[in-house]
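Printed here is upload_18.cif (mmCIF, C-alpha atoms):
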data_structure
loop_
_atom_site.label_atom_id
_atom_site.label_comp_id
_atom_site.auth_asym_id
_atom_site.auth_seq_id
_atom_site.Cartn_x
_atom_site.Cartn_y
_atom_site.Cartn_z
CA MET A 1 -5.72 25.41 -6.07
CA ARG A 2 -5.76 27.72 -3.02
CA GLU A 3 -5.14 26.08 0.32
CA THR A 4 -7.81 26.95 2.85
CA ARG A 5 -6.92 27.79 6.46
CA VAL A 6 -8.22 24.42 7.63
CA GLU A 7 -6.13 22.59 5.04
CA ARG A 8 -3.05 24.56 6.01
CA ARG A 9 -3.55 23.78 9.70
CA ARG A 10 -4.19 20.15 8.86
CA GLY A 11 -0.91 20.10 6.88
CA GLU A 12 1.00 21.61 9.80
CA ILE A 13 -0.39 19.07 12.25
CA ARG A 14 0.31 16.27 9.80
CA ARG A 15 3.96 17.34 9.58
CA ASP A 16 4.26 17.34 13.38
CA ALA A 17 2.51 13.97 13.56
CA MET A 18 4.85 12.51 10.93
CA ALA A 19 7.91 13.71 12.84
CA ALA A 20 6.45 12.08 15.98
CA ILE A 21 5.77 8.83 14.07
CA ARG A 22 9.35 8.79 12.86
CA LYS A 23 10.64 9.26 16.40
CA LEU A 24 8.31 6.67 17.95
CA GLY A 25 8.32 4.10 15.16
CA LEU A 26 5.32 3.67 12.88
CA ARG A 27 4.00 0.43 14.30
CA ARG A 28 4.48 1.12 17.98
CA ALA A 29 3.01 4.63 18.08
CA GLY A 30 -0.65 5.07 19.03
CA MET A 31 -2.70 8.26 18.53
CA ARG A 32 -2.12 9.36 22.14
CA GLU A 33 1.67 8.93 21.87
CA ILE A 34 1.74 10.65 18.48
CA ALA A 35 -0.24 13.56 19.91
CA GLY A 36 2.05 13.73 22.96
CA ALA A 37 5.27 13.66 20.95
CA ALA A 38 3.87 16.27 18.56
CA GLY A 39 2.83 18.54 21.44
CA LEU A 40 -0.88 18.25 20.57
CA SER A 41 -3.89 17.05 22.50
CA ALA A 42 -5.28 13.70 21.39
CA GLY A 43 -8.59 15.49 20.77
CA ASN A 44 -6.88 17.89 18.38
CA LEU A 45 -5.41 14.96 16.45
CA TYR A 46 -8.76 13.11 16.38
CA TYR A 47 -10.45 16.27 15.09
CA TYR A 48 -8.53 15.87 11.82
CA TRP A 49 -8.21 12.07 11.59
CA LYS A 50 -10.60 9.59 13.11
CA SER A 51 -7.91 6.88 13.54
CA LYS A 52 -4.17 6.29 13.32
CA GLU A 53 -4.81 4.45 10.05
CA ALA A 54 -6.54 7.54 8.61
CA LEU A 55 -3.60 9.71 9.72
CA VAL A 56 -1.01 7.34 8.26
CA ALA A 57 -2.92 7.04 4.98
CA ASP A 58 -3.14 10.84 4.83
CA CYS A 59 0.65 11.10 5.40
CA GLN A 60 1.20 8.58 2.63
CA GLU A 61 -1.08 10.52 0.29
CA ALA A 62 0.78 13.74 1.08
CA THR A 63 4.08 12.01 0.23
CA LEU A 64 2.65 10.62 -3.00
CA ASP A 65 1.25 14.06 -3.92
CA ALA A 66 4.77 15.45 -3.45
CA LEU A 67 6.16 12.66 -5.67
CA HIS A 68 3.56 13.45 -8.35
CA ALA A 69 4.71 17.10 -8.19
CA VAL A 70 8.31 15.87 -8.66
CA LEU A 71 7.13 13.98 -11.72
CA ALA A 72 5.39 17.03 -13.21
CA GLU A 73 8.59 19.05 -12.71
CA ALA A 74 10.76 16.30 -14.23
CA ARG A 75 8.55 16.13 -17.33
CA LYS A 76 9.47 19.75 -18.17
CA GLN A 77 13.10 18.76 -18.84
CA PRO A 78 14.17 18.61 -22.50
CA THR A 79 15.79 15.13 -22.62
CA ALA A 80 15.05 11.70 -21.15
CA ALA A 81 18.36 11.82 -19.24
CA ALA A 82 17.51 15.23 -17.74
CA ARG A 83 13.96 14.09 -16.89
CA LEU A 84 15.25 11.02 -15.05
CA ALA A 85 17.98 12.99 -13.25
CA SER A 86 15.34 15.48 -12.10
CA LEU A 87 13.13 12.60 -10.97
CA VAL A 88 15.95 10.91 -8.99
CA ARG A 89 16.82 14.17 -7.21
CA GLY A 90 13.20 15.02 -6.51
CA HIS A 91 12.23 11.52 -5.34
CA LEU A 92 15.18 11.40 -2.92
CA GLY A 93 14.36 14.91 -1.73
CA VAL A 94 10.77 13.96 -0.89
CA LEU A 95 11.65 10.70 0.88
CA LEU A 96 14.77 11.83 2.76
CA ASP A 97 14.30 15.52 3.37
CA GLN A 98 10.60 16.15 3.77
CA GLU A 99 9.32 16.08 7.37
CA GLY A 100 12.82 15.15 8.56
CA GLY A 101 12.75 11.88 6.65
CA ALA A 102 9.42 10.70 8.03
CA ALA A 103 7.90 10.74 4.52
CA GLY A 104 10.21 7.85 3.57
CA ASP A 105 9.39 5.79 6.67
CA VAL A 106 5.70 6.09 6.09
CA HIS A 107 5.97 5.68 2.31
CA LEU A 108 7.45 2.21 2.65
CA ASP A 109 4.88 0.74 4.98
CA PHE A 110 1.46 0.23 3.37
CA GLY A 111 0.83 -3.22 4.78
CA ASP A 112 -1.18 -2.34 7.87
CA LEU A 113 -3.81 -0.05 6.30
CA PRO A 114 -7.45 -1.23 6.22
CA ALA A 115 -8.59 -2.23 2.73
CA PRO A 116 -10.35 0.98 1.52
CA LEU A 117 -7.46 3.26 2.59
CA TYR A 118 -4.94 0.76 1.27
CA ARG A 119 -6.61 0.69 -2.15
CA ARG A 120 -6.68 4.48 -2.39
CA VAL A 121 -3.01 4.94 -1.42
CA VAL A 122 -1.81 2.05 -3.58
CA ALA A 123 -3.76 3.40 -6.59
CA LYS A 124 -1.94 6.73 -6.22
CA ARG A 125 1.39 4.96 -5.85
CA ASP A 126 0.66 2.82 -8.91
CA ARG A 127 -0.14 5.95 -10.96
CA TYR A 128 3.26 7.33 -9.98
CA GLU A 129 5.08 4.13 -10.88
CA ARG A 130 3.24 3.83 -14.19
CA ALA A 131 4.18 7.43 -15.05
CA VAL A 132 7.86 6.65 -14.36
CA ARG A 133 7.58 3.60 -16.62
CA THR A 134 5.99 5.73 -19.35
CA MET A 135 8.81 8.26 -19.00
CA ILE A 136 11.33 5.46 -19.53
CA ALA A 137 9.36 3.85 -22.39
CA GLU A 138 9.16 7.19 -24.22
CA GLY A 139 12.91 7.70 -23.86
CA GLN A 140 13.47 4.21 -25.23
CA ARG A 141 11.19 4.85 -28.20
CA ARG A 142 13.08 8.03 -29.05
CA GLY A 143 16.40 6.14 -28.80
CA GLU A 144 17.55 8.27 -25.87
CA LEU A 145 17.41 5.31 -23.49
CA ARG A 146 18.58 1.75 -24.01
CA PRO A 147 16.02 -0.79 -25.08
CA GLY A 148 14.63 -2.99 -22.30
CA ASP A 149 11.51 -3.72 -20.32
CA PRO A 150 10.37 -0.34 -18.91
CA LYS A 151 8.69 -2.04 -15.96
CA LEU A 152 11.89 -3.75 -14.80
CA ALA A 153 13.90 -0.61 -15.55
CA ALA A 154 11.56 1.47 -13.36
CA PHE A 155 11.54 -1.14 -10.57
CA ALA A 156 15.36 -1.17 -10.40
CA LEU A 157 15.51 2.63 -10.39
CA LEU A 158 12.72 3.24 -7.87
CA GLY A 159 13.94 0.38 -5.68
CA ALA A 160 17.33 2.01 -5.21
CA LEU A 161 15.58 5.31 -4.41
CA ASN A 162 12.94 3.92 -2.05
CA TRP A 163 15.52 1.82 -0.22
CA ALA A 164 17.39 5.01 0.65
CA ALA A 165 14.63 5.76 3.17
CA ARG A 166 15.68 2.59 5.00
CA TRP A 167 19.33 3.51 5.57
CA TYR A 168 19.46 7.31 5.33
CA ARG A 169 19.74 9.23 8.60
CA PRO A 170 19.24 13.01 8.46
CA GLY A 171 22.27 14.75 9.94
CA GLY A 172 24.43 11.63 9.34
CA THR A 173 27.38 11.03 6.99
CA PHE A 174 25.71 12.22 3.79
CA THR A 175 23.52 15.16 2.82
CA VAL A 176 20.57 14.41 0.53
CA GLY A 177 22.45 16.34 -2.18
CA GLN A 178 25.47 14.05 -1.84
CA VAL A 179 23.29 10.97 -2.14
CA ALA A 180 21.62 12.43 -5.24
CA ASP A 181 24.96 13.46 -6.81
CA HIS A 182 26.13 9.86 -6.44
CA PHE A 183 22.90 8.13 -7.39
CA VAL A 184 22.17 10.12 -10.57
CA PRO A 185 25.20 8.92 -12.57
CA GLN A 186 25.27 5.45 -10.99
CA LEU A 187 21.62 4.70 -11.67
CA LEU A 188 21.19 6.50 -14.99
CA GLU A 189 24.31 5.27 -16.78
CA GLY A 190 22.70 1.87 -17.29
CA LEU A 191 19.58 3.47 -18.78
CA ILE A 192 21.00 6.14 -21.09
CA GLU A 193 21.88 5.29 -24.67
CA HIS A 194 25.08 7.21 -25.36
CA GLU A 195 25.58 8.55 -28.83
CA SER A 196 29.02 6.96 -29.08
CA ARG A 197 27.45 3.58 -28.35
CA ALA A 198 24.69 4.20 -30.90
CA HIS A 199 27.43 4.96 -33.44
CA GLN A 200 29.27 1.78 -32.52
CA ALA A 201 26.08 -0.19 -33.05
CA ALA A 202 25.53 1.50 -36.44
CA ARG A 203 29.00 0.51 -37.66
CA MET B 204 30.38 -28.85 7.79
CA ARG B 205 28.07 -31.87 7.83
CA GLU B 206 24.41 -31.18 8.52
CA THR B 207 23.05 -33.36 11.29
CA ARG B 208 19.62 -35.01 10.98
CA VAL B 209 18.17 -32.56 13.50
CA GLU B 210 19.54 -29.59 11.57
CA ARG B 211 18.17 -30.98 8.32
CA ARG B 212 14.72 -31.50 9.85
CA ARG B 213 14.87 -28.04 11.38
CA GLY B 214 15.74 -26.63 7.93
CA GLU B 215 12.79 -28.45 6.32
CA ILE B 216 10.36 -27.17 8.94
CA ARG B 217 11.80 -23.68 8.62
CA ARG B 218 11.17 -23.75 4.87
CA ASP B 219 7.55 -24.82 5.43
CA ALA B 220 7.15 -22.15 8.10
CA MET B 221 8.58 -19.47 5.80
CA ALA B 222 6.17 -20.45 3.03
CA ALA B 223 3.32 -20.20 5.58
CA ILE B 224 4.55 -16.81 6.78
CA ARG B 225 4.63 -15.56 3.19
CA LYS B 226 1.07 -16.77 2.64
CA LEU B 227 -0.29 -15.38 5.92
CA GLY B 228 1.73 -12.16 6.08
CA LEU B 229 4.63 -11.80 8.50
CA ARG B 230 2.97 -9.52 11.03
CA ARG B 231 -0.43 -11.16 11.17
CA ALA B 232 0.69 -14.77 11.49
CA GLY B 233 0.99 -16.30 14.95
CA MET B 234 2.78 -19.58 15.77
CA ARG B 235 -0.49 -21.52 15.70
CA GLU B 236 -1.47 -20.16 12.26
CA ILE B 237 2.04 -20.73 10.92
CA ALA B 238 1.95 -24.32 12.17
CA GLY B 239 -1.52 -24.85 10.68
CA ALA B 240 -0.61 -23.41 7.27
CA ALA B 241 2.61 -25.44 7.24
CA GLY B 242 0.74 -28.65 8.13
CA LEU B 243 2.57 -28.99 11.45
CA SER B 244 1.41 -29.19 15.05
CA ALA B 245 2.11 -26.07 17.13
CA GLY B 246 4.06 -28.33 19.50
CA ASN B 247 6.31 -29.42 16.65
CA LEU B 248 7.02 -25.78 15.75
CA TYR B 249 7.64 -24.84 19.40
CA TYR B 250 10.04 -27.80 19.71
CA TYR B 251 12.42 -25.99 17.35
CA TRP B 252 11.69 -22.33 18.18
CA LYS B 253 10.41 -21.04 21.47
CA SER B 254 8.64 -18.05 19.91
CA LYS B 255 7.61 -16.55 16.58
CA GLU B 256 10.43 -14.03 17.02
CA ALA B 257 12.97 -16.85 17.36
CA LEU B 258 11.57 -18.51 14.22
CA VAL B 259 11.63 -15.27 12.23
CA ALA B 260 15.17 -14.45 13.37
CA ASP B 261 16.23 -17.97 12.37
CA CYS B 262 14.65 -17.52 8.91
CA GLN B 263 16.50 -14.22 8.55
CA GLU B 264 19.77 -15.82 9.57
CA ALA B 265 19.23 -18.62 7.05
CA THR B 266 18.64 -16.00 4.33
CA LEU B 267 21.76 -14.08 5.36
CA ASP B 268 23.80 -17.30 5.41
CA ALA B 269 22.63 -17.92 1.83
CA LEU B 270 23.65 -14.34 0.90
CA HIS B 271 27.09 -14.87 2.47
CA ALA B 272 27.43 -18.04 0.35
CA VAL B 273 26.52 -15.94 -2.74
CA LEU B 274 29.29 -13.53 -1.75
CA ALA B 275 31.87 -16.31 -1.41
CA GLU B 276 30.92 -17.60 -4.86
CA ALA B 277 31.05 -14.08 -6.38
CA ARG B 278 34.56 -13.51 -4.98
CA LYS B 279 35.88 -16.39 -7.11
CA GLN B 280 35.18 -14.44 -10.33
CA PRO B 281 38.22 -12.95 -12.07
CA THR B 282 37.07 -9.32 -12.55
CA ALA B 283 35.13 -6.76 -10.51
CA ALA B 284 32.41 -6.69 -13.17
CA ALA B 285 32.05 -10.47 -13.07
CA ARG B 286 32.07 -10.50 -9.27
CA LEU B 287 29.27 -7.92 -9.12
CA ALA B 288 27.26 -9.67 -11.85
CA SER B 289 27.53 -12.92 -9.90
CA LEU B 290 26.48 -11.10 -6.73
CA VAL B 291 23.42 -9.49 -8.39
CA ARG B 292 22.26 -12.83 -9.78
CA GLY B 293 22.90 -14.66 -6.53
CA HIS B 294 21.28 -12.01 -4.31
CA LEU B 295 18.14 -11.94 -6.48
CA GLY B 296 18.10 -15.75 -6.51
CA VAL B 297 18.15 -15.93 -2.70
CA LEU B 298 15.50 -13.25 -2.16
CA LEU B 299 13.11 -14.15 -4.96
CA ASP B 300 13.53 -17.86 -5.52
CA GLN B 301 14.39 -19.42 -2.19
CA GLU B 302 11.40 -20.74 -0.20
CA GLY B 303 9.05 -19.43 -2.92
CA GLY B 304 10.10 -15.84 -2.27
CA ALA B 305 9.53 -15.92 1.49
CA ALA B 306 13.24 -15.26 2.12
CA GLY B 307 12.79 -11.77 0.66
CA ASP B 308 9.69 -10.97 2.71
CA VAL B 309 11.38 -11.93 5.92
CA HIS B 310 14.71 -10.36 4.95
CA LEU B 311 13.15 -6.90 4.72
CA ASP B 312 11.43 -6.84 8.08
CA PHE B 313 13.82 -6.69 11.03
CA GLY B 314 11.90 -4.07 12.98
CA ASP B 315 9.84 -6.27 15.27
CA LEU B 316 12.58 -8.52 16.66
CA PRO B 317 13.47 -8.24 20.35
CA ALA B 318 16.83 -6.53 20.95
CA PRO B 319 19.20 -9.56 21.31
CA LEU B 320 17.86 -11.31 18.19
CA TYR B 321 17.79 -8.01 16.32
CA ARG B 322 21.44 -7.30 17.14
CA ARG B 323 22.54 -10.75 16.00
CA VAL B 324 20.66 -10.62 12.68
CA VAL B 325 21.65 -7.02 11.97
CA ALA B 326 25.33 -7.81 12.69
CA LYS B 327 25.22 -10.59 10.08
CA ARG B 328 23.46 -8.28 7.61
CA ASP B 329 26.04 -5.56 8.25
CA ARG B 330 28.90 -8.01 7.59
CA TYR B 331 27.31 -8.80 4.23
CA GLU B 332 26.85 -5.13 3.33
CA ARG B 333 30.42 -4.30 4.38
CA ALA B 334 31.74 -7.14 2.22
CA VAL B 335 29.83 -5.78 -0.80
CA ARG B 336 31.32 -2.33 -0.11
CA THR B 337 34.80 -3.86 0.10
CA MET B 338 34.22 -5.65 -3.21
CA ILE B 339 33.31 -2.31 -4.80
CA ALA B 340 36.19 -0.42 -3.13
CA GLU B 341 38.71 -3.01 -4.36
CA GLY B 342 37.37 -2.73 -7.90
CA GLN B 343 37.67 1.05 -7.67
CA ARG B 344 41.28 0.82 -6.43
CA ARG B 345 42.21 -1.42 -9.33
CA GLY B 346 40.57 1.00 -11.78
CA GLU B 347 37.98 -1.59 -12.83
CA LEU B 348 35.15 0.40 -11.27
CA ARG B 349 34.46 4.11 -11.40
CA PRO B 350 35.62 6.20 -8.49
CA GLY B 351 32.96 7.08 -5.92
CA ASP B 352 31.87 6.44 -2.36
CA PRO B 353 31.70 2.63 -2.01
CA LYS B 354 29.06 2.92 0.73
CA LEU B 355 26.65 4.91 -1.47
CA ALA B 356 27.46 2.69 -4.44
CA ALA B 357 26.62 -0.43 -2.41
CA PHE B 358 23.43 1.13 -1.00
CA ALA B 359 22.13 1.98 -4.47
CA LEU B 360 22.95 -1.50 -5.78
CA LEU B 361 21.60 -3.47 -2.80
CA GLY B 362 18.54 -1.21 -2.58
CA ALA B 363 17.48 -2.07 -6.11
CA LEU B 364 18.01 -5.77 -5.32
CA ASN B 365 16.29 -5.81 -1.93
CA TRP B 366 13.34 -3.82 -3.26
CA ALA B 367 12.71 -6.60 -5.78
CA ALA B 368 11.37 -8.69 -2.89
CA ARG B 369 8.63 -6.07 -2.52
CA TRP B 370 7.24 -6.26 -6.04
CA TYR B 371 8.30 -9.67 -7.35
CA ARG B 372 5.61 -12.37 -7.49
CA PRO B 373 6.76 -15.95 -8.19
CA GLY B 374 4.89 -17.30 -11.20
CA GLY B 375 4.07 -13.75 -12.38
CA THR B 376 5.24 -11.81 -15.46
CA PHE B 377 8.98 -12.31 -14.97
CA THR B 378 11.20 -15.23 -14.06
CA VAL B 379 14.03 -14.53 -11.61
CA GLY B 380 16.43 -15.08 -14.54
CA GLN B 381 14.69 -12.36 -16.57
CA VAL B 382 14.92 -9.92 -13.68
CA ALA B 383 18.63 -10.73 -13.26
CA ASP B 384 19.31 -10.43 -17.01
CA HIS B 385 17.79 -6.94 -16.93
CA PHE B 386 19.24 -5.79 -13.61
CA VAL B 387 22.86 -6.85 -14.26
CA PRO B 388 23.53 -4.42 -17.13
CA GLN B 389 21.25 -1.68 -15.80
CA LEU B 390 22.80 -1.63 -12.34
CA LEU B 391 26.42 -2.40 -13.23
CA GLU B 392 26.85 0.01 -16.15
CA GLY B 393 27.03 2.94 -13.74
CA LEU B 394 29.71 1.19 -11.67
CA ILE B 395 32.03 -0.26 -14.32
CA GLU B 396 34.92 1.80 -15.68
CA HIS B 397 34.99 0.93 -19.36
CA GLU B 398 38.35 0.79 -21.07
CA SER B 399 37.19 3.13 -23.83
CA ARG B 400 36.26 5.71 -21.20
CA ALA B 401 39.59 5.23 -19.36
CA HIS B 402 41.30 5.88 -22.71
CA GLN B 403 39.23 9.02 -23.26
CA ALA B 404 40.23 10.26 -19.80
CA ALA B 405 43.89 9.53 -20.53
CA ARG B 406 43.85 11.56 -23.74
#
Output the file's structure in the form of structure tokens.
Amino acid sequence: MRETRVERRRGEIRRDAMAAIRKLGLRRAGMREIAGAAGLSAGNLYYYWKSKEALVADCQEATLDALHAVLAEARKQPTAAARLASLVRGHLGVLLDQEGGAAGDVHLDFGDLPAPLYRRVVAKRDRYERAVRTMIAEGQRRGELRPGDPKLAAFALLGALNWAARWYRPGGTFTVGQVADHFVPQLLEGLIEHESRAHQAAR
Amino acid sequence: MRETRVERRRGEIRRDAMAAIRKLGLRRAGMREIAGAAGLSAGNLYYYWKSKEALVADCQEATLDALHAVLAEARKQPTAAARLASLVRGHLGVLLDQEGGAAGDVHLDFGDLPAPLYRRVVAKRDRYERAVRTMIAEGQRRGELRPGDPKLAAFALLGALNWAARWYRPGGTFTVGQVADHFVPQLLEGLIEHESRAHQAAR
């Protein structure tokens, strides 16, 4: 799908607005402050989004679209272990790296959206979470992953990833790559069914 | 330390208030609504806490005190694996079970506290997180846990646990015990150094 000029401009302004939201704090920032911190006029911001809620929901949708793209990329991997490793790296990349980490801030905070926007964003998030569960369930069926409840397995995995947006500071102690290099083995070891263990079980 | 009658009464009211906060939503509830939902007079609530912020900070401290008690209990276990398993079960128990799950709601939401209360609660939370890191670092030094950055290891582990407060619904699909039974092996497998693997490395 080709991006139109309006969509591209909207995306640019959204990125600036998200960086401003991160700096100001999601709950405290109003449209005027967001516009000011992003170097835009309030009118310019209101041209694209009729309210702060609409802007925030749009940011959350953009983040979820990026996560769905991560998922599509992960699915191309040949094994369940490689698919999950790709997902962990991609999910962390979206939350911690995109828009200077603002994606993660906004991603975690659905509570204040009005009902219609909330439903739309949460439906997209639920589709993502269900797809991760399906990825795990398929790996379990093929014997590549350990048996277990795929819902709980996905919650534990995604929880560790989502929580990273709470403590990670861009430019701090760790690069996103270092976090991913640590998280992939730590979080996947408990999911992967190693051949040696399968052999032990068969004995 | 003996609890005085006032402290006990304060604890009871706090539990009722936390249940009310969970029902009403932390950000929306005011002192009057919290009192109403908890079946108390606003005056009774204000007798113990001069503001909603003071009440919320007190709830958060109570949750953190319970987590520190979990830590003390976990430290009594003989191995690093057993200590971490005890910690995972205890942490989930505090966040998901205590006060009908309200402990978890409140635990996750420090952002709105005024600076002095915020500093106090965050200092207590940081002491807990540092102690978990130390537990992991000690296990790594003794060769019971895999080598790695104890800070990242603790973040991944605690993230999965804290996130459970976001999705868990008391009386829903899973009991807290079922979540713990699933999370302990999934989250600890990537941390524990198995003897068989140590042998392989030594070969």
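You will find atom CA of B:Ala306 at 23.6 Å from atom CA of A:Val122.
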Checklist entry - atom CA of B:Gly380 to atom CA of B:Ala357: how many Å, to one decimal? => result 21.6 Å
Next on the checklist: Quick check: residues of chain B within 8 Å of chain A, all atoms listed in the file, returned as a list of chain:residue names.
Outcome noted: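 Listing them in order of chain and number gives B:Gly351, B:Asp352, B:Leu355, B:Ala356, B:Phe358, B:Ala359, B:Leu360, B:Leu361, B:Gly362, B:Ala363, B:Leu364, B:Asn365, B:Trp366, B:Ala367, B:Val382, B:His385, B:Phe386, B:Pro388, B:Gln389, B:Leu390, B:Leu391, B:Glu392, B:Gly393, B:Leu394.
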Next on the checklist: Take the PyMOL selection byres ((chain A and resi 52) around 10), run it mentally on this structure, and tell me the resulting residues as a list in words.
Outcome noted: Leu26, Ala29, Gly30, Met31, Arg32, Ile34, Leu45, Tyr46, Trp49, Lys50, Ser51, Glu53, Ala54, Leu55, Val56, Ala57, Asp58 and Leu113 of chain A
Checklist entry - Which one is closest to B:Gly293: B:Gly307, B:Arg344, B:Glu276, B:Val335? Count all atoms listed in the file. => result B:Glu276
Checklist entry - Using the chain letters and numbers from the file, which residues does the PyMOL selection byres ((chain A and resi 120) around 12) grab, as a list in words? => result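 Checking the PyMOL selection byres ((chain A and resi 120) around 12) against this file, the residues are Ala54, Ala57, Asp58, Gln60, Glu61, Leu64, Phe110, Leu113, Pro114, Ala115, Pro116, Leu117, Tyr118, Arg119, Val121, Val122, Ala123, Lys124, Arg125, Asp126 and Arg127 of chain A.
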